[in-house]
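Novice: Sharing target.cif below, mmCIF, C-alpha atoms:
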```cif
data_entry
#
loop_
_atom_site.group_PDB
_atom_site.id
_atom_site.type_symbol
_atom_site.label_atom_id
_atom_site.label_comp_id
_atom_site.auth_asym_id
_atom_site.auth_seq_id
_atom_site.Cartn_x
_atom_site.Cartn_y
_atom_site.Cartn_z
ATOM 1 C CA ALA A 1 60.041 19.483 15.702
ATOM 2 C CA ARG A 2 61.095 16.688 13.364
ATOM 3 C CA ILE A 3 60.750 17.507 9.681
ATOM 4 C CA HIS A 4 59.970 14.619 7.347
ATOM 5 C CA MET A 5 61.430 15.021 3.872
ATOM 6 C CA THR A 6 59.615 13.289 1.018
ATOM 7 C CA SER A 7 60.462 12.959 -2.645
ATOM 8 C CA LYS A 8 58.293 14.475 -5.356
ATOM 9 C CA SER A 9 57.148 11.045 -6.543
ATOM 10 C CA GLN A 10 56.064 10.097 -3.019
ATOM 11 C CA ALA A 11 54.043 13.289 -2.685
ATOM 12 C CA MET A 12 52.305 12.875 -6.026
ATOM 13 C CA ALA A 13 51.030 9.296 -5.672
ATOM 14 C CA PRO A 14 49.369 7.566 -2.730
ATOM 15 C CA ALA A 15 50.520 4.200 -1.516
ATOM 16 C CA PRO A 16 48.997 1.302 -3.483
ATOM 17 C CA PRO A 17 46.799 0.146 -0.586
ATOM 18 C CA SER A 18 45.262 3.615 -0.414
ATOM 19 C CA ALA A 19 44.491 3.576 -4.133
ATOM 20 C CA LEU A 20 43.000 0.083 -3.936
ATOM 21 C CA LEU A 21 40.788 1.020 -1.009
ATOM 22 C CA LEU A 22 39.642 4.112 -2.909
ATOM 23 C CA VAL A 23 38.695 1.929 -5.896
ATOM 24 C CA LEU A 24 36.778 -0.404 -3.594
ATOM 25 C CA ALA A 25 34.983 2.535 -1.979
ATOM 26 C CA MET A 26 34.076 3.901 -5.416
ATOM 27 C CA PHE A 27 32.759 0.528 -6.587
ATOM 28 C CA GLN A 28 30.679 -0.007 -3.464
ATOM 29 C CA THR A 29 29.217 3.480 -3.716
ATOM 30 C CA ALA A 30 28.519 3.292 -7.462
ATOM 31 C CA SER A 31 26.903 -0.140 -7.298
ATOM 32 C CA THR A 32 24.376 0.495 -4.538
ATOM 33 C CA ALA A 33 24.415 3.843 -2.713
ATOM 34 C CA GLY A 34 22.017 5.925 -4.812
ATOM 35 C CA ILE A 35 20.236 3.362 -6.964
ATOM 36 C CA ILE A 36 16.770 4.479 -5.851
ATOM 37 C CA TYR A 37 17.221 7.734 -7.759
ATOM 38 C CA GLY A 38 17.281 5.723 -10.969
ATOM 39 C CA TRP A 39 13.859 4.334 -10.153
ATOM 40 C CA PRO A 40 11.994 6.183 -12.968
ATOM 41 C CA ALA A 41 13.844 3.968 -15.478
ATOM 42 C CA LEU A 42 12.118 0.893 -14.028
ATOM 43 C CA VAL A 43 8.601 2.290 -13.815
ATOM 44 C CA ARG A 44 7.818 1.374 -17.423
ATOM 45 C CA VAL A 45 9.179 -2.152 -16.865
ATOM 46 C CA PHE A 46 6.891 -2.710 -13.881
ATOM 47 C CA ILE A 47 3.931 -1.357 -15.850
ATOM 48 C CA ASN A 48 4.691 -3.691 -18.752
ATOM 49 C CA GLU A 49 4.870 -6.627 -16.347
ATOM 50 C CA GLY A 50 1.428 -5.762 -15.018
ATOM 51 C CA GLN A 51 2.379 -4.786 -11.484
ATOM 52 C CA TYR A 52 -0.611 -3.118 -9.795
ATOM 53 C CA SER A 53 -2.600 -3.689 -12.997
ATOM 54 C CA GLU A 54 -5.306 -5.220 -10.796
ATOM 55 C CA LEU A 55 -6.115 -1.629 -9.783
ATOM 56 C CA CYS A 56 -7.018 -0.726 -13.365
ATOM 57 C CA ASN A 57 -10.377 -1.071 -15.045
ATOM 58 C CA GLU A 58 -10.514 -3.624 -17.821
ATOM 59 C CA ASP A 59 -10.663 -0.949 -20.514
ATOM 60 C CA GLN A 60 -7.568 0.760 -19.013
ATOM 61 C CA ASN A 61 -5.518 -2.423 -18.750
ATOM 62 C CA VAL A 62 -4.722 -2.749 -22.457
ATOM 63 C CA THR A 63 -1.547 -3.508 -24.345
ATOM 64 C CA ARG A 64 0.022 -2.271 -27.525
ATOM 65 C CA HIS A 65 2.765 -3.708 -29.724
ATOM 66 C CA THR A 66 5.796 -1.566 -30.411
ATOM 67 C CA GLY A 67 8.026 -1.602 -33.445
ATOM 68 C CA HIS A 68 10.603 -3.694 -31.571
ATOM 69 C CA ALA A 69 8.283 -6.708 -31.275
ATOM 70 C CA THR A 70 7.720 -5.988 -27.602
ATOM 71 C CA THR A 71 4.458 -5.437 -25.812
ATOM 72 C CA GLU A 72 3.783 -2.373 -23.692
ATOM 73 C CA ARG A 73 0.899 -1.755 -21.336
ATOM 74 C CA ASN A 74 -0.847 1.537 -20.894
ATOM 75 C CA GLY A 75 -0.616 2.406 -17.213
ATOM 76 C CA CYS A 76 -3.769 3.595 -15.490
ATOM 77 C CA PRO A 77 -3.871 6.464 -12.941
ATOM 78 C CA LEU A 78 -4.172 4.256 -9.826
ATOM 79 C CA GLN A 79 -1.305 2.076 -11.008
ATOM 80 C CA ILE A 80 0.938 5.109 -11.579
ATOM 81 C CA VAL A 81 -0.012 6.491 -8.161
ATOM 82 C CA GLU A 82 1.106 3.292 -6.423
ATOM 83 C CA LEU A 83 4.408 3.221 -8.283
ATOM 84 C CA ASN A 84 5.083 6.900 -7.572
ATOM 85 C CA TRP A 85 4.135 6.440 -3.920
ATOM 86 C CA ALA A 86 6.797 3.758 -3.544
ATOM 87 C CA PHE A 87 9.420 6.135 -4.950
ATOM 88 C CA THR A 88 8.218 8.951 -2.674
ATOM 89 C CA LEU A 89 8.656 6.742 0.393
ATOM 90 C CA ALA A 90 12.137 5.748 -0.760
ATOM 91 C CA CYS A 91 13.212 9.372 -1.241
ATOM 92 C CA ALA A 92 11.907 10.320 2.193
ATOM 93 C CA ALA A 93 13.716 7.348 3.731
ATOM 94 C CA SER A 94 16.978 8.404 2.076
ATOM 95 C CA PHE A 95 16.854 11.754 3.891
ATOM 96 C CA VAL A 96 15.612 10.370 7.213
ATOM 97 C CA GLY A 97 18.202 7.591 7.273
ATOM 98 C CA GLN A 98 21.244 9.803 7.021
ATOM 99 C CA TYR A 99 21.090 11.030 10.635
ATOM 100 C CA PRO A 100 20.725 7.663 12.419
ATOM 101 C CA MET A 101 23.280 6.042 10.124
ATOM 102 C CA GLY A 102 25.631 8.951 10.828
ATOM 103 C CA LEU A 103 25.259 8.189 14.526
ATOM 104 C CA VAL A 104 26.087 4.544 13.811
ATOM 105 C CA PHE A 105 29.221 5.602 11.946
ATOM 106 C CA ASP A 106 30.362 7.920 14.757
ATOM 107 C CA ARG A 107 29.641 5.402 17.493
ATOM 108 C CA PHE A 108 30.643 2.085 15.912
ATOM 109 C CA GLY A 109 32.903 3.014 12.996
ATOM 110 C CA PRO A 110 32.887 2.357 9.249
ATOM 111 C CA ARG A 111 32.813 -1.449 9.421
ATOM 112 C CA VAL A 112 29.547 -1.635 11.342
ATOM 113 C CA CYS A 113 28.063 1.226 9.337
ATOM 114 C CA LEU A 114 28.837 -0.384 5.974
ATOM 115 C CA VAL A 115 27.840 -3.903 7.011
ATOM 116 C CA LEU A 116 24.509 -2.592 8.280
ATOM 117 C CA ALA A 117 24.005 -0.433 5.170
ATOM 118 C CA PHE A 118 24.716 -3.238 2.722
ATOM 119 C CA ALA A 119 22.634 -5.709 4.725
ATOM 120 C CA GLY A 120 19.692 -3.289 4.584
ATOM 121 C CA CYS A 121 20.138 -2.804 0.836
ATOM 122 C CA THR A 122 20.335 -6.576 0.374
ATOM 123 C CA VAL A 123 16.991 -6.946 2.112
ATOM 124 C CA GLY A 124 15.493 -4.158 0.009
ATOM 125 C CA LEU A 125 16.744 -5.534 -3.313
ATOM 126 C CA THR A 126 15.632 -9.025 -2.349
ATOM 127 C CA LEU A 127 12.130 -7.701 -1.683
ATOM 128 C CA LEU A 128 12.160 -5.997 -5.087
ATOM 129 C CA SER A 129 13.263 -9.201 -6.814
ATOM 130 C CA LEU A 130 10.432 -11.153 -5.139
ATOM 131 C CA PHE A 131 7.831 -8.439 -5.550
ATOM 132 C CA ASP A 132 4.424 -9.226 -7.041
ATOM 133 C CA SER A 133 1.588 -6.797 -6.401
ATOM 134 C CA ARG A 134 -0.983 -9.600 -6.360
ATOM 135 C CA THR A 135 0.704 -11.643 -3.642
ATOM 136 C CA PHE A 136 2.705 -8.995 -1.738
ATOM 137 C CA PRO A 137 1.353 -5.487 -2.476
ATOM 138 C CA ALA A 138 3.668 -3.786 0.040
ATOM 139 C CA GLY A 139 6.813 -5.438 -1.351
ATOM 140 C CA LEU A 140 7.691 -2.656 -3.757
ATOM 141 C CA SER A 141 7.339 0.135 -1.205
ATOM 142 C CA ALA A 142 9.181 -1.872 1.451
ATOM 143 C CA GLY A 143 12.038 -2.813 -0.886
ATOM 144 C CA LEU A 144 12.610 0.711 -2.145
ATOM 145 C CA THR A 145 12.327 2.118 1.386
ATOM 146 C CA PHE A 146 15.036 -0.226 2.656
ATOM 147 C CA ALA A 147 17.316 0.706 -0.262
ATOM 148 C CA GLY A 148 16.560 4.394 0.254
ATOM 149 C CA PHE A 149 17.174 4.352 3.993
ATOM 150 C CA PHE A 150 20.447 2.426 3.955
ATOM 151 C CA GLY A 151 21.902 3.317 0.530
ATOM 152 C CA PRO A 152 23.324 6.795 1.254
ATOM 153 C CA ALA A 153 25.126 5.408 4.314
ATOM 154 C CA ILE A 154 27.404 3.500 1.932
ATOM 155 C CA GLN A 155 28.848 6.751 0.649
ATOM 156 C CA MET A 156 29.034 8.107 4.195
ATOM 157 C CA GLY A 157 30.853 5.027 5.450
ATOM 158 C CA ASN A 158 33.410 5.148 2.643
ATOM 159 C CA LEU A 159 34.410 8.810 2.793
ATOM 160 C CA HIS A 160 36.934 8.196 5.570
ATOM 161 C CA VAL A 161 39.180 6.550 2.938
ATOM 162 C CA THR A 162 40.128 10.053 1.806
ATOM 163 C CA ASN A 163 42.103 10.449 5.055
ATOM 164 C CA LEU A 164 44.680 8.006 3.698
ATOM 165 C CA PHE A 165 45.740 10.572 1.114
ATOM 166 C CA ALA A 166 48.011 13.570 1.480
ATOM 167 C CA ALA A 167 46.230 16.886 1.986
ATOM 168 C CA ARG A 168 46.762 17.993 -1.607
ATOM 169 C CA ASN A 169 45.018 14.843 -2.918
ATOM 170 C CA ARG A 170 42.328 14.460 -0.284
ATOM 171 C CA ASN A 171 39.717 16.551 -2.067
ATOM 172 C CA LYS A 172 40.326 14.650 -5.301
ATOM 173 C CA ALA A 173 39.700 11.360 -3.518
ATOM 174 C CA ALA A 174 36.517 12.749 -1.959
ATOM 175 C CA SER A 175 35.356 13.887 -5.401
ATOM 176 C CA CYS A 176 35.851 10.364 -6.747
ATOM 177 C CA ILE A 177 33.585 8.912 -4.060
ATOM 178 C CA THR A 178 30.887 11.570 -4.356
ATOM 179 C CA SER A 179 30.918 11.193 -8.144
ATOM 180 C CA SER A 180 30.433 7.457 -7.697
ATOM 181 C CA PHE A 181 27.199 8.217 -5.850
ATOM 182 C CA SER A 182 25.941 9.968 -8.991
ATOM 183 C CA VAL A 183 26.996 6.991 -11.123
ATOM 184 C CA SER A 184 24.763 4.755 -9.000
ATOM 185 C CA PHE A 185 21.747 6.645 -10.379
ATOM 186 C CA PHE A 186 22.269 4.717 -13.635
ATOM 187 C CA VAL A 187 22.203 1.195 -12.142
ATOM 188 C CA PHE A 188 18.450 0.807 -12.674
ATOM 189 C CA GLN A 189 18.849 2.283 -16.171
ATOM 190 C CA ALA A 190 21.344 -0.495 -16.931
ATOM 191 C CA VAL A 191 18.845 -3.012 -15.554
ATOM 192 C CA LYS A 192 16.174 -1.642 -17.893
ATOM 193 C CA LEU A 193 18.475 -1.822 -20.916
ATOM 194 C CA LEU A 194 19.422 -5.427 -20.156
ATOM 195 C CA HIS A 195 15.758 -6.286 -19.644
ATOM 196 C CA ASP A 196 14.578 -4.595 -22.848
ATOM 197 C CA HIS A 197 17.401 -5.450 -25.233
ATOM 198 C CA ALA A 198 19.127 -8.547 -23.830
ATOM 199 C CA ALA A 199 16.010 -10.494 -22.782
ATOM 200 C CA PHE A 200 17.020 -10.758 -19.113
ATOM 201 C CA ARG A 201 14.151 -11.243 -16.680
ATOM 202 C CA LEU A 202 13.711 -8.334 -14.288
ATOM 203 C CA GLN A 203 13.676 -10.671 -11.284
ATOM 204 C CA THR A 204 16.999 -12.162 -12.399
ATOM 205 C CA LEU A 205 18.643 -8.744 -12.666
ATOM 206 C CA LEU A 206 17.308 -7.547 -9.308
ATOM 207 C CA THR A 207 18.417 -10.809 -7.703
ATOM 208 C CA ALA A 208 21.915 -10.219 -9.111
ATOM 209 C CA LEU A 209 21.951 -6.753 -7.502
ATOM 210 C CA ALA A 210 20.827 -8.276 -4.194
ATOM 211 C CA VAL A 211 23.609 -10.877 -4.386
ATOM 212 C CA MET A 212 26.175 -8.151 -5.151
ATOM 213 C CA ALA A 213 24.987 -6.162 -2.137
ATOM 214 C CA GLY A 214 25.264 -9.318 -0.023
ATOM 215 C CA VAL A 215 28.818 -9.899 -1.227
ATOM 216 C CA ASN A 216 29.670 -6.296 -0.381
ATOM 217 C CA THR A 217 28.321 -6.929 3.115
ATOM 218 C CA VAL A 218 30.903 -9.682 3.602
ATOM 219 C CA VAL A 219 33.669 -7.636 1.939
ATOM 220 C CA SER A 220 32.946 -4.718 4.263
ATOM 221 C CA LEU A 221 33.124 -7.001 7.277
ATOM 222 C CA LEU A 222 36.530 -8.318 6.181
ATOM 223 C CA VAL A 223 38.170 -5.195 4.726
ATOM 224 C CA TRP A 224 37.018 -2.044 6.488
ATOM 225 C CA PRO A 225 38.420 -1.121 9.902
ATOM 226 C CA GLY A 226 36.473 -0.774 13.117
ATOM 227 C CA ALA A 227 37.616 2.854 13.448
ATOM 228 C CA ALA A 228 37.792 5.455 10.692
ATOM 229 C CA PHE A 229 41.167 6.106 9.092
ATOM 230 C CA ARG A 230 42.905 9.127 10.564
ATOM 231 C CA PRO A 231 44.147 11.938 8.300
ATOM 232 C CA ALA A 232 47.632 11.484 6.946
ATOM 233 C CA ALA A 233 50.232 13.877 8.297
ATOM 234 C CA ASP A 234 50.691 16.873 6.013
ATOM 235 C CA ASP A 235 54.070 17.136 4.298
ATOM 236 C CA VAL A 236 56.377 19.818 5.663
ATOM 237 C CA ASP A 237 59.063 21.186 3.378
#
```
Go through the file and emit its structure as structure tokens.

Specialist:
Amino acid sequence: ARIHMTSKSQAMAPAPPSALLLVLAMFQTASTAGIIYGWPALVRVFINEGQYSELCNEDQNVTRHTGHATTERNGCPLQIVELNWAFTLACAASFVGQYPMGLVFDRFGPRVCLVLAFAGCTVGLTLLSLFDSRTFPAGLSAGLTFAGFFGPAIQMGNLHVTNLFAARNRNKAASCITSSFSVSFFVFQAVKLLHDHAAFRLQTLLTALAVMAGVNTVVSLLVWPGAAFRPAADDVD
């Protein structure tokens, strides 16, 4: 059997393309994959904007002024139920979607899986950006459900990048991608902070997330291969 000799520097660092693809996979995962789990950060914003306030009695639908010169609404029970129901549907969709999207990955490869996942998240975020409970009551539930169903598939579709790394570094690369999924929990928190302290409109911020997901759809189509990367050959001393 042929023995391939490699230098210490070659064994320690992956090739630049591998590192760049890992960074791309981390960015795609962090920006979209698990954003629904940061939903509680946006609940107060939707309450303040009066979403589902038509379900409240007039004496429940009151406002109060905070010390930061902002106005907050007191949510009523039916309003909170609707908002929590949307999140419940999204969480259920995130678990249900993993099996069919796994089948898509196995059958059609990472490119199709990621394009489909980002396209679904684009639809979901677009619905959220257009949502108004008075004109489209199901928009919130539908938008979160789309993001919940397709979001985790972004992490799934990117994990094959770890196969570009030598065996000793493969687990580190996988940890980077899985950690990026946790980072995505804070995307909606960042949206809330920008809305509350930088005077950005919520619809503008959600539209920006939808555009970013749409751009990632195109990037995935152009960058990711039709078949998953195969594991790199282990070094033999």

Novice: One number please: atom CA of Ala210 of chain A to atom CA of Thr122 of chain A, in Å, one decimal.

Specialist: 4.9 Å

Novice: What does the distance between atom CA of Ala198 of chain A and atom CA of Leu140 of chain A come to in Å, to one decimal place?

Specialist: 23.8 Å

Novice: Given only C-alpha atoms as the basis, pick out the residue of A:Ser184, A:Asn57, A:Gln203, A:Asn48 nearest to Leu130 of chain A.

Specialist: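 Smallest separation from Leu130 of chain A among the options: A:Gln203.
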
Novice: Residues picked by the PyMOL selection byres ((chain A and resi 116) around 12) here, as a VMD selection string?

Specialist: chain A and resid 100 to 102 104 to 105 108 to 115 117 to 123 146 to 147 149 to 154 157 213 to 214 216 to 218 220 to 221

Novice: Grab the atom CA of Gly34 of chain A to atom CA of Ser133 of chain A distance for me, in Å with one decimal place.

Specialist: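 The value is 24.1 Å.
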
Novice: Selection in question (the file shown): the PyMOL selection byres ((chain A and resi 35) around 7). Which residues does it include, as a list in words?

Specialist: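 Those residues are Thr32, Ala33, Gly34, Ile36, Tyr37, Gly38, Ser184, Phe185, Val187 and Phe188 of chain A.
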
Novice: Hey, can you spit out that residue selection with C-alpha atoms as an mmCIF file, in the coordinates of the input?

Specialist:
```cif
data_model
loop_
_atom_site.group_PDB
_atom_site.id
_atom_site.type_symbol
_atom_site.label_atom_id
_atom_site.label_comp_id
_atom_site.auth_asym_id
_atom_site.auth_seq_id
_atom_site.Cartn_x
_atom_site.Cartn_y
_atom_site.Cartn_z
ATOM 1 C CA THR A 32 24.376 0.495 -4.538
ATOM 2 C CA ALA A 33 24.415 3.843 -2.713
ATOM 3 C CA GLY A 34 22.017 5.925 -4.812
ATOM 4 C CA ILE A 36 16.770 4.479 -5.851
ATOM 5 C CA TYR A 37 17.221 7.734 -7.759
ATOM 6 C CA GLY A 38 17.281 5.723 -10.969
ATOM 7 C CA SER A 184 24.763 4.755 -9.000
ATOM 8 C CA PHE A 185 21.747 6.645 -10.379
ATOM 9 C CA VAL A 187 22.203 1.195 -12.142
ATOM 10 C CA PHE A 188 18.450 0.807 -12.674
#
```

Novice: Could you expand the PyMOL selection byres ((chain A and resi 138) around 12) into the explicit residues it covers here, written as a list in words?

Specialist: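 For this structure, the PyMOL selection byres ((chain A and resi 138) around 12) captures Gln51, Tyr52, Glu82, Leu83, Trp85, Ala86, Leu89, Gly124, Leu127, Leu128, Leu130, Phe131, Asp132, Ser133, Arg134, Thr135, Phe136, Pro137, Gly139, Leu140, Ser141, Ala142, Gly143, Leu144 and Thr145 of chain A.
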
Novice: Nearest residue to Asn169 of chain A out of A:Gly148, A:Pro77, A:Gly226, A:Pro231, using all atoms listed in the file?

Specialist: A:Pro231

Novice: Starting from the point (35.7, 14.4, -3.9), work out which residues of protein, DNA or RNA have an atom no more than 12 Å away when counting only C-alpha atoms; state them as a PDB file with C-alpha atoms, keeping the file's coordinate frame.

Specialist:
```
ATOM      1  CA  LEU A  22      39.642   4.112  -2.909  1.00  0.00           C
ATOM      2  CA  MET A  26      34.076   3.901  -5.416  1.00  0.00           C
ATOM      3  CA  GLN A 155      28.848   6.751   0.649  1.00  0.00           C
ATOM      4  CA  ASN A 158      33.410   5.148   2.643  1.00  0.00           C
ATOM      5  CA  LEU A 159      34.410   8.810   2.793  1.00  0.00           C
ATOM      6  CA  HIS A 160      36.934   8.196   5.570  1.00  0.00           C
ATOM      7  CA  VAL A 161      39.180   6.550   2.938  1.00  0.00           C
ATOM      8  CA  THR A 162      40.128  10.053   1.806  1.00  0.00           C
ATOM      9  CA  ASN A 163      42.103  10.449   5.055  1.00  0.00           C
ATOM     10  CA  PHE A 165      45.740  10.572   1.114  1.00  0.00           C
ATOM     11  CA  ARG A 168      46.762  17.993  -1.607  1.00  0.00           C
ATOM     12  CA  ASN A 169      45.018  14.843  -2.918  1.00  0.00           C
ATOM     13  CA  ARG A 170      42.328  14.460  -0.284  1.00  0.00           C
ATOM     14  CA  ASN A 171      39.717  16.551  -2.067  1.00  0.00           C
ATOM     15  CA  LYS A 172      40.326  14.650  -5.301  1.00  0.00           C
ATOM     16  CA  ALA A 173      39.700  11.360  -3.518  1.00  0.00           C
ATOM     17  CA  ALA A 174      36.517  12.749  -1.959  1.00  0.00           C
ATOM     18  CA  SER A 175      35.356  13.887  -5.401  1.00  0.00           C
ATOM     19  CA  CYS A 176      35.851  10.364  -6.747  1.00  0.00           C
ATOM     20  CA  ILE A 177      33.585   8.912  -4.060  1.00  0.00           C
ATOM     21  CA  THR A 178      30.887  11.570  -4.356  1.00  0.00           C
ATOM     22  CA  SER A 179      30.918  11.193  -8.144  1.00  0.00           C
ATOM     23  CA  SER A 180      30.433   7.457  -7.697  1.00  0.00           C
ATOM     24  CA  PHE A 181      27.199   8.217  -5.850  1.00  0.00           C
ATOM     25  CA  SER A 182      25.941   9.968  -8.991  1.00  0.00           C
TER      26      SER A 182
END
```

Novice: Quick one: 8 Å padding each side, axis-aligned, all listed atoms of segment 48-58 of chain A - centre and edge lengths in Å to one decimal, as JSON?

Specialist:
```
{"center_x": -2.8, "center_y": -3.7, "center_z": -14.3, "size_x": 31.4, "size_y": 21.9, "size_z": 25.0}
```

Novice: Select, from A:Leu103, A:Leu55, A:Leu42, A:Leu21, the residue with the minimum atom-to-atom distance to Leu78 of chain A, counting all atoms listed in the file.

Specialist: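 When distances to Leu78 of chain A are compared using all atoms listed in the file, the smallest one comes from A:Leu55.
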
Novice: So, counting all atoms listed in the file, which residue among A:Leu24, A:Leu164, A:Val45, A:Cys56 is closest to Ala228 of chain A?

Specialist: A:Leu164

Novice: Which of these, A:Val43, A:Gln189, A:Leu125, A:His195, has the shortest distance to Thr207 of chain A once you count all atoms listed in the file?

Specialist: A:Leu125
